[in-house]
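Containing compact mmCIF, C-alpha atoms: upload.txt.
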# COMPACT_ATOMS: atom_id res chain seq x y z
CA MET A 1 0.00 0.00 0.00
CA ALA A 2 1.37 3.42 -0.96
CA LEU A 3 2.17 5.97 1.73
CA ALA A 4 -0.73 8.19 0.65
CA ASP A 5 -3.14 5.25 0.91
CA ARG A 6 -1.84 4.31 4.38
CA LEU A 7 -2.23 7.89 5.54
CA LEU A 8 -5.78 8.06 4.16
CA ALA A 9 -6.67 4.84 5.96
CA ALA A 10 -5.21 6.17 9.21
CA TRP A 11 -7.21 9.42 8.94
CA TYR A 12 -10.50 7.59 8.64
CA ALA A 13 -9.77 4.62 10.91
CA GLY A 14 -7.86 6.55 13.56
CA HIS A 15 -4.23 5.94 14.52
CA PRO A 16 -2.39 7.15 17.63
CA ALA A 17 0.75 8.02 15.62
CA LEU A 18 -1.16 10.87 13.97
CA ALA A 19 -0.76 12.81 17.23
CA LEU A 20 2.83 13.46 16.15
CA LEU A 21 1.50 15.59 13.28
CA ARG A 22 -0.56 17.94 15.43
CA PRO A 23 2.03 20.75 15.48
CA LEU A 24 1.91 20.78 11.67
CA GLU A 25 -1.89 20.64 11.84
CA ALA A 26 -1.92 23.74 14.05
CA LEU A 27 0.20 25.59 11.51
CA TYR A 28 -2.04 24.44 8.66
CA ARG A 29 -5.18 25.56 10.50
CA ARG A 30 -3.75 29.03 11.06
CA VAL A 31 -2.95 29.37 7.37
CA VAL A 32 -6.39 28.28 6.10
CA LEU A 33 -8.28 30.32 8.70
CA ARG A 34 -6.26 33.42 7.81
CA LYS A 35 -6.92 32.81 4.13
CA ARG A 36 -10.67 32.60 4.66
CA ALA A 37 -10.70 35.64 6.96
CA ARG A 38 -8.97 37.70 4.29
CA PHE A 39 -11.60 36.59 1.75
CA LEU A 40 -14.53 37.41 4.04
CA SER A 41 -13.11 40.82 4.94
CA GLY A 42 -12.44 41.74 1.32
CA GLU A 43 -8.74 42.11 2.05
CA SER A 44 -7.78 39.54 -0.60
CA ALA A 45 -8.84 40.13 -4.19
CA SER A 46 -11.50 37.86 -5.65
CA TYR A 47 -13.30 37.86 -8.96
CA ARG A 48 -17.06 38.36 -8.90
CA ALA A 49 -18.63 36.93 -12.07
CA PRO A 50 -21.57 38.72 -13.72
CA VAL A 51 -23.61 35.49 -13.42
CA PRO A 52 -24.20 33.33 -10.33
CA VAL A 53 -21.44 30.88 -9.39
CA ILE A 54 -22.21 27.67 -7.51
CA VAL A 55 -19.28 25.84 -5.95
CA VAL A 56 -19.63 22.07 -5.51
CA GLY A 57 -16.85 20.87 -3.23
CA ASN A 58 -15.81 19.26 0.00
CA ILE A 59 -13.70 19.89 3.06
CA THR A 60 -12.22 16.38 3.15
CA VAL A 61 -9.53 14.55 1.22
CA GLY A 62 -10.98 11.59 -0.63
CA GLY A 63 -13.92 11.02 -2.95
CA THR A 64 -17.37 12.30 -2.05
CA GLY A 65 -19.27 11.95 -5.34
CA LYS A 66 -18.73 15.46 -6.75
CA THR A 67 -18.68 14.45 -10.42
CA PRO A 68 -22.04 12.59 -10.37
CA MET A 69 -23.56 15.51 -8.48
CA ILE A 70 -22.20 17.98 -11.04
CA LEU A 71 -23.80 15.87 -13.77
CA TRP A 72 -27.14 15.92 -11.94
CA LEU A 73 -26.94 19.70 -11.46
CA ILE A 74 -26.19 20.26 -15.16
CA GLU A 75 -29.22 18.31 -16.29
CA HIS A 76 -31.45 19.74 -13.58
CA CYS A 77 -30.51 23.31 -14.53
CA ARG A 78 -31.08 22.58 -18.21
CA ARG A 79 -34.57 21.29 -17.47
CA GLN A 80 -35.26 24.69 -15.92
CA GLY A 81 -34.10 26.38 -19.13
CA VAL A 82 -30.86 27.60 -17.53
CA LYS A 83 -27.77 27.86 -19.75
CA VAL A 84 -25.05 26.39 -17.56
CA GLY A 85 -21.27 26.15 -17.89
CA VAL A 86 -18.67 24.38 -15.76
CA VAL A 87 -15.18 25.34 -14.61
CA SER A 88 -12.65 22.99 -13.08
CA ARG A 89 -9.05 22.95 -12.00
CA GLY A 90 -8.48 20.02 -14.35
CA TYR A 91 -6.38 17.98 -11.95
CA GLY A 92 -3.67 16.07 -13.83
CA ALA A 93 -4.48 17.73 -17.16
CA LYS A 94 -1.66 18.93 -19.42
CA PRO A 95 -3.24 21.26 -22.00
CA PRO A 96 -1.14 23.48 -24.30
CA HIS A 97 -2.17 26.52 -22.25
CA TYR A 98 -4.61 27.81 -19.65
CA PRO A 99 -7.46 28.50 -19.65
CA TRP A 100 -8.36 25.50 -21.83
CA ARG A 101 -11.76 24.61 -23.31
CA VAL A 102 -12.37 20.88 -22.96
CA GLU A 103 -13.88 19.08 -25.96
CA ALA A 104 -15.21 15.52 -26.06
CA SER A 105 -12.63 14.41 -28.63
CA GLN A 106 -9.59 15.41 -26.57
CA PRO A 107 -7.40 12.83 -24.78
CA ALA A 108 -7.76 12.55 -21.02
CA GLU A 109 -4.07 13.40 -20.61
CA GLN A 110 -4.80 16.82 -22.09
CA ALA A 111 -8.25 17.54 -20.66
CA GLY A 112 -8.21 15.72 -17.31
CA ASP A 113 -10.33 12.67 -16.55
CA GLU A 114 -13.22 14.29 -14.67
CA PRO A 115 -13.64 17.30 -17.02
CA LEU A 116 -13.55 14.98 -20.03
CA LEU A 117 -16.16 12.68 -18.48
CA ILE A 118 -18.46 15.64 -17.83
CA VAL A 119 -18.14 16.95 -21.39
CA GLN A 120 -18.55 13.55 -23.01
CA ARG A 121 -21.65 12.84 -20.93
CA THR A 122 -23.36 16.23 -21.26
CA GLY A 123 -21.66 18.37 -23.92
CA VAL A 124 -21.63 21.25 -21.41
CA PRO A 125 -19.26 24.19 -22.06
CA LEU A 126 -16.34 23.49 -19.73
CA MET A 127 -13.11 25.38 -19.10
CA ILE A 128 -10.16 24.20 -17.01
CA ASP A 129 -7.63 26.39 -15.24
CA PRO A 130 -5.97 26.13 -11.81
CA ASP A 131 -7.11 29.76 -11.51
CA ARG A 132 -10.86 29.20 -11.54
CA SER A 133 -11.53 32.93 -11.90
CA GLY A 134 -9.59 32.91 -15.17
CA ALA A 135 -11.59 29.89 -16.30
CA VAL A 136 -14.88 31.66 -15.56
CA GLN A 137 -13.86 34.78 -17.45
CA ALA A 138 -12.72 32.77 -20.47
CA LEU A 139 -15.90 30.67 -20.47
CA LEU A 140 -18.17 33.72 -20.31
CA ALA A 141 -16.17 35.36 -23.11
CA SER A 142 -16.77 32.33 -25.34
CA GLU A 143 -20.57 32.17 -25.08
CA PRO A 144 -23.52 33.55 -23.10
CA LEU A 145 -24.37 31.61 -19.95
CA ASP A 146 -26.82 32.05 -17.08
CA LEU A 147 -24.95 30.11 -14.40
CA ILE A 148 -21.50 28.68 -13.63
CA LEU A 149 -20.90 25.46 -11.72
CA CYS A 150 -17.45 25.25 -10.16
CA ASP A 151 -16.26 21.66 -9.81
CA ASP A 152 -14.42 21.70 -6.48
CA GLY A 153 -12.88 25.03 -5.47
CA MET A 154 -14.27 25.40 -1.94
CA GLN A 155 -10.88 26.65 -0.83
CA HIS A 156 -10.18 28.66 -4.01
CA TYR A 157 -11.08 32.07 -2.64
CA ARG A 158 -9.91 34.01 -5.69
CA LEU A 159 -13.35 33.17 -7.10
CA ALA A 160 -16.36 34.69 -5.34
CA ARG A 161 -19.34 32.39 -5.08
CA ASP A 162 -23.10 32.76 -4.64
CA LEU A 163 -23.82 29.27 -3.34
CA GLU A 164 -21.69 26.56 -1.73
CA LEU A 165 -22.67 22.89 -1.76
CA VAL A 166 -20.46 20.68 0.40
CA LEU A 167 -20.43 16.92 -0.16
CA ILE A 168 -19.51 14.41 2.55
CA ASP A 169 -19.22 10.64 2.35
CA ALA A 170 -21.89 9.46 4.80
CA ALA A 171 -20.03 6.28 5.74
CA ARG A 172 -16.63 7.85 6.40
CA GLY A 173 -17.84 11.22 7.64
CA LEU A 174 -15.04 13.58 8.64
CA GLY A 175 -12.66 10.83 9.70
CA ASN A 176 -10.82 11.72 12.89
CA GLY A 177 -12.07 15.31 12.59
CA ARG A 178 -8.60 16.82 12.35
CA CYS A 179 -7.07 18.99 9.64
CA LEU A 180 -4.19 18.09 7.35
CA PRO A 181 -1.75 16.47 7.84
CA ALA A 182 -3.09 14.94 11.08
CA GLY A 183 -6.50 14.26 9.51
CA PRO A 184 -8.43 14.45 6.24
CA LEU A 185 -9.94 17.94 6.65
CA ARG A 186 -8.95 20.71 4.24
CA GLU A 187 -10.67 23.19 6.54
CA PRO A 188 -11.92 22.88 10.15
CA ARG A 189 -15.31 21.21 10.60
CA GLU A 190 -16.81 24.56 11.64
CA ARG A 191 -16.57 25.55 7.97
CA LEU A 192 -19.67 23.42 7.32
CA GLN A 193 -21.80 25.90 9.26
CA GLU A 194 -20.95 28.60 6.71
CA ALA A 195 -21.86 26.54 3.62
CA ASP A 196 -25.31 26.89 2.06
CA ALA A 197 -25.99 23.16 2.01
CA VAL A 198 -24.33 19.93 3.08
CA LEU A 199 -25.08 16.73 1.16
CA TYR A 200 -24.29 13.27 2.50
CA ASN A 201 -23.39 10.71 -0.15
CA GLY A 202 -24.92 7.37 0.80
CA ALA A 203 -27.29 8.67 3.46
CA GLU A 204 -30.65 6.90 3.54
CA GLY A 205 -32.47 10.21 3.81
CA ASP A 206 -32.10 13.81 4.88
CA ARG A 207 -30.41 14.67 8.16
CA ALA A 208 -30.84 17.49 10.62
CA ASP A 209 -27.61 19.04 9.31
CA GLY A 210 -27.93 18.28 5.62
CA PHE A 211 -29.54 16.53 2.68
CA GLY A 212 -29.03 12.96 1.52
CA PHE A 213 -28.16 11.66 -1.91
CA SER A 214 -27.18 8.32 -3.37
CA LEU A 215 -25.27 7.06 -6.38
CA GLN A 216 -27.43 4.58 -8.27
CA PRO A 217 -25.99 2.25 -10.94
CA SER A 218 -27.89 2.63 -14.20
CA ALA A 219 -26.16 0.53 -16.87
CA LEU A 220 -23.05 -1.29 -18.02
CA VAL A 221 -21.34 0.40 -20.98
CA ASN A 222 -18.78 -1.37 -23.16
CA LEU A 223 -15.57 0.64 -23.56
CA ARG A 224 -14.91 -0.46 -27.13
CA SER A 225 -18.36 -0.54 -28.72
CA GLY A 226 -20.26 1.90 -26.49
CA GLU A 227 -23.17 -0.53 -26.22
CA ARG A 228 -25.27 -0.19 -23.06
CA ARG A 229 -26.48 -3.24 -21.20
CA ALA A 230 -28.90 -3.62 -18.33
CA LEU A 231 -27.47 -4.47 -14.93
CA ASP A 232 -28.70 -8.06 -15.25
CA PHE A 233 -26.26 -8.57 -18.16
CA PHE A 234 -23.98 -10.27 -15.65
CA PRO A 235 -25.75 -12.94 -13.59
CA ALA A 236 -25.68 -12.99 -9.81
CA GLY A 237 -22.39 -14.41 -8.57
CA GLN A 238 -20.42 -13.28 -11.64
CA ARG A 239 -16.70 -12.95 -10.88
CA LEU A 240 -15.03 -9.95 -12.47
CA HIS A 241 -12.04 -7.67 -12.13
CA ALA A 242 -12.99 -4.34 -10.60
CA VAL A 243 -10.82 -1.27 -11.27
CA ALA A 244 -11.21 2.03 -9.42
CA GLY A 245 -8.81 4.97 -9.57
CA ILE A 246 -11.00 7.29 -7.52
CA GLY A 247 -10.84 8.97 -4.13
CA ASN A 248 -12.73 6.15 -2.38
CA PRO A 249 -12.29 2.89 -4.35
CA GLN A 250 -14.03 0.79 -1.72
CA ARG A 251 -17.31 2.56 -2.38
CA PHE A 252 -17.17 1.33 -5.99
CA PHE A 253 -16.33 -2.22 -4.93
CA ASN A 254 -19.21 -2.17 -2.45
CA THR A 255 -21.54 -1.06 -5.25
CA LEU A 256 -20.54 -4.10 -7.31
CA LEU A 257 -21.10 -6.35 -4.31
CA GLY A 258 -24.53 -4.77 -3.93
CA LEU A 259 -25.30 -5.88 -7.49
CA ASN A 260 -24.61 -9.47 -6.35
CA TRP A 261 -21.39 -9.79 -8.34
CA GLN A 262 -18.08 -11.06 -6.98
CA PRO A 263 -15.48 -8.37 -7.75
CA VAL A 264 -11.76 -8.96 -7.55
CA PRO A 265 -10.78 -5.47 -6.35
CA HIS A 266 -7.93 -3.53 -7.97
CA PRO A 267 -7.70 -0.12 -6.27
CA PHE A 268 -5.54 2.57 -7.89
CA ALA A 269 -4.61 6.07 -6.81
CA ASP A 270 -7.08 8.82 -7.61
CA HIS A 271 -6.55 10.10 -11.19
CA ALA A 272 -4.20 7.18 -11.92
CA GLN A 273 -2.93 6.68 -15.45
CA PHE A 274 -3.53 3.23 -16.93
CA SER A 275 -2.06 1.04 -19.63
CA ALA A 276 -3.00 -2.30 -21.13
CA GLU A 277 -0.17 -3.84 -19.11
CA SER A 278 -1.31 -2.38 -15.80
CA LEU A 279 -4.78 -3.89 -16.34
CA ALA A 280 -3.63 -7.32 -17.57
CA PHE A 281 -5.06 -9.34 -14.68
CA SER A 282 -5.26 -13.07 -14.18
CA PRO A 283 -7.42 -15.11 -14.36
CA ALA A 284 -9.26 -13.98 -17.48
CA LEU A 285 -12.51 -12.38 -16.32
CA PRO A 286 -14.69 -9.48 -17.47
CA LEU A 287 -13.38 -6.13 -16.24
CA VAL A 288 -15.60 -3.40 -14.82
CA MET A 289 -14.31 0.08 -13.95
CA THR A 290 -15.64 3.50 -13.06
CA GLU A 291 -16.68 5.91 -15.79
CA LYS A 292 -13.92 8.31 -14.73
CA ASP A 293 -11.33 5.59 -15.35
CA ALA A 294 -12.94 4.53 -18.63
CA VAL A 295 -12.22 7.86 -20.37
CA LYS A 296 -8.50 7.01 -20.04
CA CYS A 297 -8.75 3.40 -21.24
CA ARG A 298 -10.87 3.33 -24.40
CA ALA A 299 -7.87 3.40 -26.77
CA PHE A 300 -6.54 0.04 -25.53
CA ALA A 301 -9.68 -1.58 -24.08
CA ALA A 302 -10.43 -5.25 -24.60
CA ASP A 303 -13.80 -6.52 -25.79
CA ASP A 304 -14.97 -7.49 -22.30
CA TRP A 305 -14.14 -4.21 -20.55
CA TRP A 306 -17.09 -2.25 -19.18
CA TYR A 307 -17.76 0.76 -17.03
CA LEU A 308 -20.60 1.11 -14.58
CA ALA A 309 -22.68 4.21 -15.28
CA VAL A 310 -24.04 5.76 -12.09
CA GLU A 311 -26.50 8.58 -11.47
CA ALA A 312 -26.71 10.89 -8.48
CA ARG A 313 -30.14 10.89 -6.87
CA PRO A 314 -30.63 13.61 -4.28
CA THR A 315 -33.69 13.62 -2.06
CA PRO A 316 -36.84 15.53 -3.08
CA ALA A 317 -36.14 17.98 -0.27
CA PHE A 318 -32.81 18.95 -1.82
CA SER A 319 -34.34 19.28 -5.30
CA ALA A 320 -37.00 21.64 -3.93
CA TRP A 321 -34.44 23.62 -1.95
CA PHE A 322 -32.14 23.93 -4.95
CA ASP A 323 -35.00 25.11 -7.19
CA SER A 324 -35.74 27.87 -4.71
CA GLN A 325 -32.08 28.88 -4.72
CA LEU A 326 -32.03 28.95 -8.53
CA GLN A 327 -35.04 31.27 -8.59
CA ARG A 328 -33.38 33.56 -6.06
CA LEU A 329 -30.03 33.66 -7.84
CA LEU A 330 -31.42 34.18 -11.33
CA ARG A 331 -33.59 37.06 -10.16
CA LYS A 332 -30.52 38.93 -8.97
CA PRO A 333 -29.88 42.15 -10.93

As a first step, turn the structure in this file into structure tokens.
Amino acid sequence: MALADRLLAAWYAGHPALALLRPLEALYRRVVLRKRARFLSGESASYRAPVPVIVVGNITVGGTGKTPMILWLIEHCRRQGVKVGVVSRGYGAKPPHYPWRVEASQPAEQAGDEPLLIVQRTGVPLMIDPDRSGAVQALLASEPLDLILCDDGMQHYRLARDLELVLIDAARGLGNGRCLPAGPLREPRERLQEADAVLYNGAEGDRADGFGFSLQPSALVNLRSGERRALDFFPAGQRLHAVAGIGNPQRFFNTLLGLNWQPVPHPFADHAQFSAESLAFSPALPLVMTEKDAVKCRAFAADDWWYLAVEARPTPAFSAWFDSQLQRLLRKP
């Protein structure tokens, strides 16, 4: 297990050795609290877009389901007649320059895996730039939009925001509740009280402190042919290789177990790069991966490689709340 994976496991399972990192945690907390205070006071410069900006992010290290939620928000906004665009840091992307407009035909190495997935699934206008404010300005200069969704960026205070949605993995929660490097928190837990909404991925319903949402499998999609198959394509008890290069691979493996399959788990680092050799597993079995991983593997995929399409399903209470927020934001002068 890599050092990063061992540290992640310690954060969420608890380990007494993490107490040695508390002096560094105290320094980290001072830095992030000062950064936010400067943003709130107006002391640090931030870009205010001429259209509403909604940040979808988290305060923890590790996957929380941001990409499926972004996909749901895109389609939900479109059903309301809202012209929506997306900006992202583009983690791991190596475009010729920034800001960079992501197109569905680009390689994942250039566009980034998550931005490419979003564009291929929805065709939404999407710009990547580590400076999200620059991405927003470039996106608005390219076409008229009513609303910007910022994929991640909770801690990117150079971009002013009108709404903050914070996602938390319901099973793992906030781990040991400590900030980096002694725990998984990017900001202290008190930051949640300042967000507009908290959503718990995997919660059975709404909570007193936030809304629930789930990730529901919808289909198997073949990497080579693009054909979609129902989830009963594989019979109960089917053994298969399961590949996940995401922030929380175990959640994906648990999903496959919930479909009554028998996955042989192959966890990779988040945003991992793949090759045919790295996925040449034995024995010969069908291979199922996440959609985020699939955008990097189509060029060398075998005939029996599939990805599991999943859809975010927030509770009706969140949908109603979000509609009210849309009406409020889009009425702003």

Could you jot down the CA of Arg328 (chain A) to CA of Pro316 (chain A) separation for me, Å, one decimal place?
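These two atoms are separated by 18.6 Å.
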
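If you look at CA of Val55 (chain A) and CA of Glu109 (chain A), they are 24.5 Å away from each other.
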
Nearest to Val198 (chain A): which of A:Gly210, A:Pro263, A:Gly123, A:Gly134 is it, counting all atoms listed in the file?
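Closest candidate: A:Gly210.
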
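Nearest residue to Lys83 (chain A), choosing from A:Gly153, A:Leu330, A:Leu24, A:Pro314 and counting all atoms listed in the file: A:Leu330.
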
Hey, which of A:Pro50, A:Pro95, A:Gly226, A:Gly183 ends up closest to Ala141 (chain A)? Count only C-alpha atoms.
A:Pro50

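Here CA of Val53 (chain A) stands at a distance of 5.0 Å from CA of Arg161 (chain A).
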
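Across A:Arg207, A:His271, A:Arg22, A:Arg101, the tightest approach to Gly247 (chain A) is made by A:His271 when counting only C-alpha atoms.
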
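For the residues A:Asp270, A:Glu43, A:Leu215, A:His241, ranking by smallest atom-to-atom distance to Tyr91 (chain A) using all atoms listed in the file places A:Asp270 first.
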
A:Pro265, A:Pro130, A:Gly62, A:Pro217: which is nearest Arg239 (chain A), counting only C-alpha atoms?
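So, comparing all the options, the nearest one is A:Pro265.
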
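Around Leu145 (chain A), within 12 Å and counting all atoms listed in the file, the residues found are Ala49, Pro50, Val51, Pro52, Val53, Cys77, Arg78, Gly81, Val82, Lys83, Val84, Gly85, Val86, Val124, Pro125, Leu126, Val136, Gln137, Ala138, Leu139, Leu140 and Leu330 of chain A, once anything fewer than 5 positions away on its own chain is removed.
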
List as a ChimeraX atom specification the residues having at least one atom at most 8 Å from position (-11.2, 35.7, -3.2) as given in the file, counting only C-alpha atoms.
/A:39,42,44-47,156-160

How would the residues just picked look written out with C-alpha atoms as an mmCIF file, in the frame of the given file?
data_model
loop_
_atom_site.group_PDB
_atom_site.id
_atom_site.type_symbol
_atom_site.label_atom_id
_atom_site.label_comp_id
_atom_site.auth_asym_id
_atom_site.auth_seq_id
_atom_site.Cartn_x
_atom_site.Cartn_y
_atom_site.Cartn_z
ATOM 1 C CA PHE A 39 -11.600 36.590 1.750
ATOM 2 C CA GLY A 42 -12.440 41.740 1.320
ATOM 3 C CA SER A 44 -7.780 39.540 -0.600
ATOM 4 C CA ALA A 45 -8.840 40.130 -4.190
ATOM 5 C CA SER A 46 -11.500 37.860 -5.650
ATOM 6 C CA TYR A 47 -13.300 37.860 -8.960
ATOM 7 C CA HIS A 156 -10.180 28.660 -4.010
ATOM 8 C CA TYR A 157 -11.080 32.070 -2.640
ATOM 9 C CA ARG A 158 -9.910 34.010 -5.690
ATOM 10 C CA LEU A 159 -13.350 33.170 -7.100
ATOM 11 C CA ALA A 160 -16.360 34.690 -5.340
#

List as a tab-separated table every residue of region 156-194 of chain A that is in contact with region 4-20 of chain A, defined as an atom at most 9 Å from one of its atoms (using all atoms listed in the file), together with the nearest atom pair and the distance in Å rounded to one decimal, sorted by chain and then rising number.
residue	atom	partner	partner_atom	distance
A:Arg172	CA	A:Tyr12	CA	6.5
A:Gly173	CA	A:Tyr12	CA	8.2
A:Leu174	CA	A:Tyr12	CA	7.5
A:Gly175	CA	A:Tyr12	CA	4.0
A:Asn176	CA	A:Trp11	CA	5.8
A:Gly177	CA	A:Trp11	CA	8.5
A:Arg178	CA	A:Trp11	CA	8.3
A:Pro181	CA	A:Leu18	CA	8.3
A:Ala182	CA	A:Leu18	CA	5.4
A:Gly183	CA	A:Trp11	CA	4.9
A:Pro184	CA	A:Trp11	CA	5.8

May I have the residues within 10 Å of region 63-68 of chain A as a PyMOL selection string, using all atoms listed in the file and disregarding those fewer than 5 positions away in the same chain?
chain A and resi 56-58+73-74+114-115+117-118+151-152+165-170+172-173+199-202+213-216+246-249+251+270+292+309-313

Contacts of Tyr28 (chain A) within 10 Å, all atoms listed in the file, excl. fewer than 5 positions in-chain, as a list in words
Arg22, Pro23, Leu33, Arg34, Cys179, Leu180, Pro181, Ala182, Arg186 and Glu187 of chain A

Create the file for the chosen residues now, containing C-alpha atoms and written as a compact mmCIF listing (two decimals), in the coordinates of the input.
# COMPACT_ATOMS: atom_id res chain seq x y z
CA ARG A 22 -0.56 17.94 15.43
CA PRO A 23 2.03 20.75 15.48
CA LEU A 33 -8.28 30.32 8.70
CA ARG A 34 -6.26 33.42 7.81
CA CYS A 179 -7.07 18.99 9.64
CA LEU A 180 -4.19 18.09 7.35
CA PRO A 181 -1.75 16.47 7.84
CA ALA A 182 -3.09 14.94 11.08
CA ARG A 186 -8.95 20.71 4.24
CA GLU A 187 -10.67 23.19 6.54

Can you pull out every residue within 9 Å of Ala230 (chain A), counting all atoms listed in the file, but drop anything in the same chain fewer than 6 positions away, and send it as a list in words?
Ser218, Ala219, Leu220 and Val221 of chain A

Can I get region 22-43 of chain A with N, CA and C atoms filled in, as an mmCIF file, keeping the file's coordinate frame?
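Below is the file part-v8.cif, written as the result:
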data_model
loop_
_atom_site.group_PDB
_atom_site.id
_atom_site.type_symbol
_atom_site.label_atom_id
_atom_site.label_comp_id
_atom_site.auth_asym_id
_atom_site.auth_seq_id
_atom_site.Cartn_x
_atom_site.Cartn_y
_atom_site.Cartn_z
ATOM 1 N N ARG A 22 0.297 16.849 14.984
ATOM 2 C CA ARG A 22 -0.560 17.940 15.430
ATOM 3 C C ARG A 22 0.108 19.316 15.408
ATOM 4 N N PRO A 23 1.407 19.425 15.656
ATOM 5 C CA PRO A 23 2.030 20.750 15.480
ATOM 6 C C PRO A 23 1.913 21.259 14.049
ATOM 7 N N LEU A 24 2.074 20.376 13.069
ATOM 8 C CA LEU A 24 1.910 20.780 11.670
ATOM 9 C C LEU A 24 0.446 21.102 11.377
ATOM 10 N N GLU A 25 -0.462 20.350 12.020
ATOM 11 C CA GLU A 25 -1.890 20.640 11.840
ATOM 12 C C GLU A 25 -2.214 22.041 12.357
ATOM 13 N N ALA A 26 -1.657 22.414 13.491
ATOM 14 C CA ALA A 26 -1.920 23.740 14.050
ATOM 15 C C ALA A 26 -1.459 24.835 13.106
ATOM 16 N N LEU A 27 -0.301 24.622 12.482
ATOM 17 C CA LEU A 27 0.200 25.590 11.510
ATOM 18 C C LEU A 27 -0.713 25.663 10.294
ATOM 19 N N TYR A 28 -1.146 24.492 9.814
ATOM 20 C CA TYR A 28 -2.040 24.440 8.660
ATOM 21 C C TYR A 28 -3.353 25.163 8.951
ATOM 22 N N ARG A 29 -3.918 24.919 10.126
ATOM 23 C CA ARG A 29 -5.180 25.560 10.500
ATOM 24 C C ARG A 29 -5.046 27.088 10.503
ATOM 25 N N ARG A 30 -3.941 27.574 11.030
ATOM 26 C CA ARG A 30 -3.750 29.030 11.060
ATOM 27 C C ARG A 30 -3.722 29.605 9.652
ATOM 28 N N VAL A 31 -3.058 28.888 8.750
ATOM 29 C CA VAL A 31 -2.950 29.370 7.370
ATOM 30 C C VAL A 31 -4.318 29.412 6.699
ATOM 31 N N VAL A 32 -5.104 28.320 6.803
ATOM 32 C CA VAL A 32 -6.390 28.280 6.100
ATOM 33 C C VAL A 32 -7.393 29.234 6.730
ATOM 34 N N LEU A 33 -7.356 29.384 8.052
ATOM 35 C CA LEU A 33 -8.280 30.320 8.700
ATOM 36 C C LEU A 33 -7.943 31.760 8.329
ATOM 37 N N ARG A 34 -6.655 32.068 8.218
ATOM 38 C CA ARG A 34 -6.260 33.420 7.810
ATOM 39 C C ARG A 34 -6.685 33.681 6.361
ATOM 40 N N LYS A 35 -6.533 32.668 5.536
ATOM 41 C CA LYS A 35 -6.920 32.810 4.130
ATOM 42 C C LYS A 35 -8.409 33.102 3.997
ATOM 43 N N ARG A 36 -9.221 32.372 4.736
ATOM 44 C CA ARG A 36 -10.670 32.600 4.660
ATOM 45 C C ARG A 36 -11.047 33.953 5.254
ATOM 46 N N ALA A 37 -10.400 34.341 6.342
ATOM 47 C CA ALA A 37 -10.700 35.640 6.960
ATOM 48 C C ALA A 37 -10.394 36.781 6.002
ATOM 49 N N ARG A 38 -9.324 36.662 5.257
ATOM 50 C CA ARG A 38 -8.970 37.700 4.290
ATOM 51 C C ARG A 38 -10.026 37.778 3.178
ATOM 52 N N PHE A 39 -10.554 36.609 2.782
ATOM 53 C CA PHE A 39 -11.600 36.590 1.750
ATOM 54 C C PHE A 39 -12.875 37.242 2.272
ATOM 55 N N LEU A 40 -13.282 36.890 3.491
ATOM 56 C CA LEU A 40 -14.530 37.410 4.040
ATOM 57 C C LEU A 40 -14.457 38.915 4.299
ATOM 58 N N SER A 41 -13.266 39.391 4.648
ATOM 59 C CA SER A 41 -13.110 40.820 4.940
ATOM 60 C C SER A 41 -12.932 41.665 3.686
ATOM 61 N N GLY A 42 -12.707 41.002 2.552
ATOM 62 C CA GLY A 42 -12.440 41.740 1.320
ATOM 63 C C GLY A 42 -10.997 42.165 1.180
ATOM 64 N N GLU A 43 -10.153 41.726 2.095
ATOM 65 C CA GLU A 43 -8.740 42.110 2.050
ATOM 66 C C GLU A 43 -8.026 41.464 0.868
#
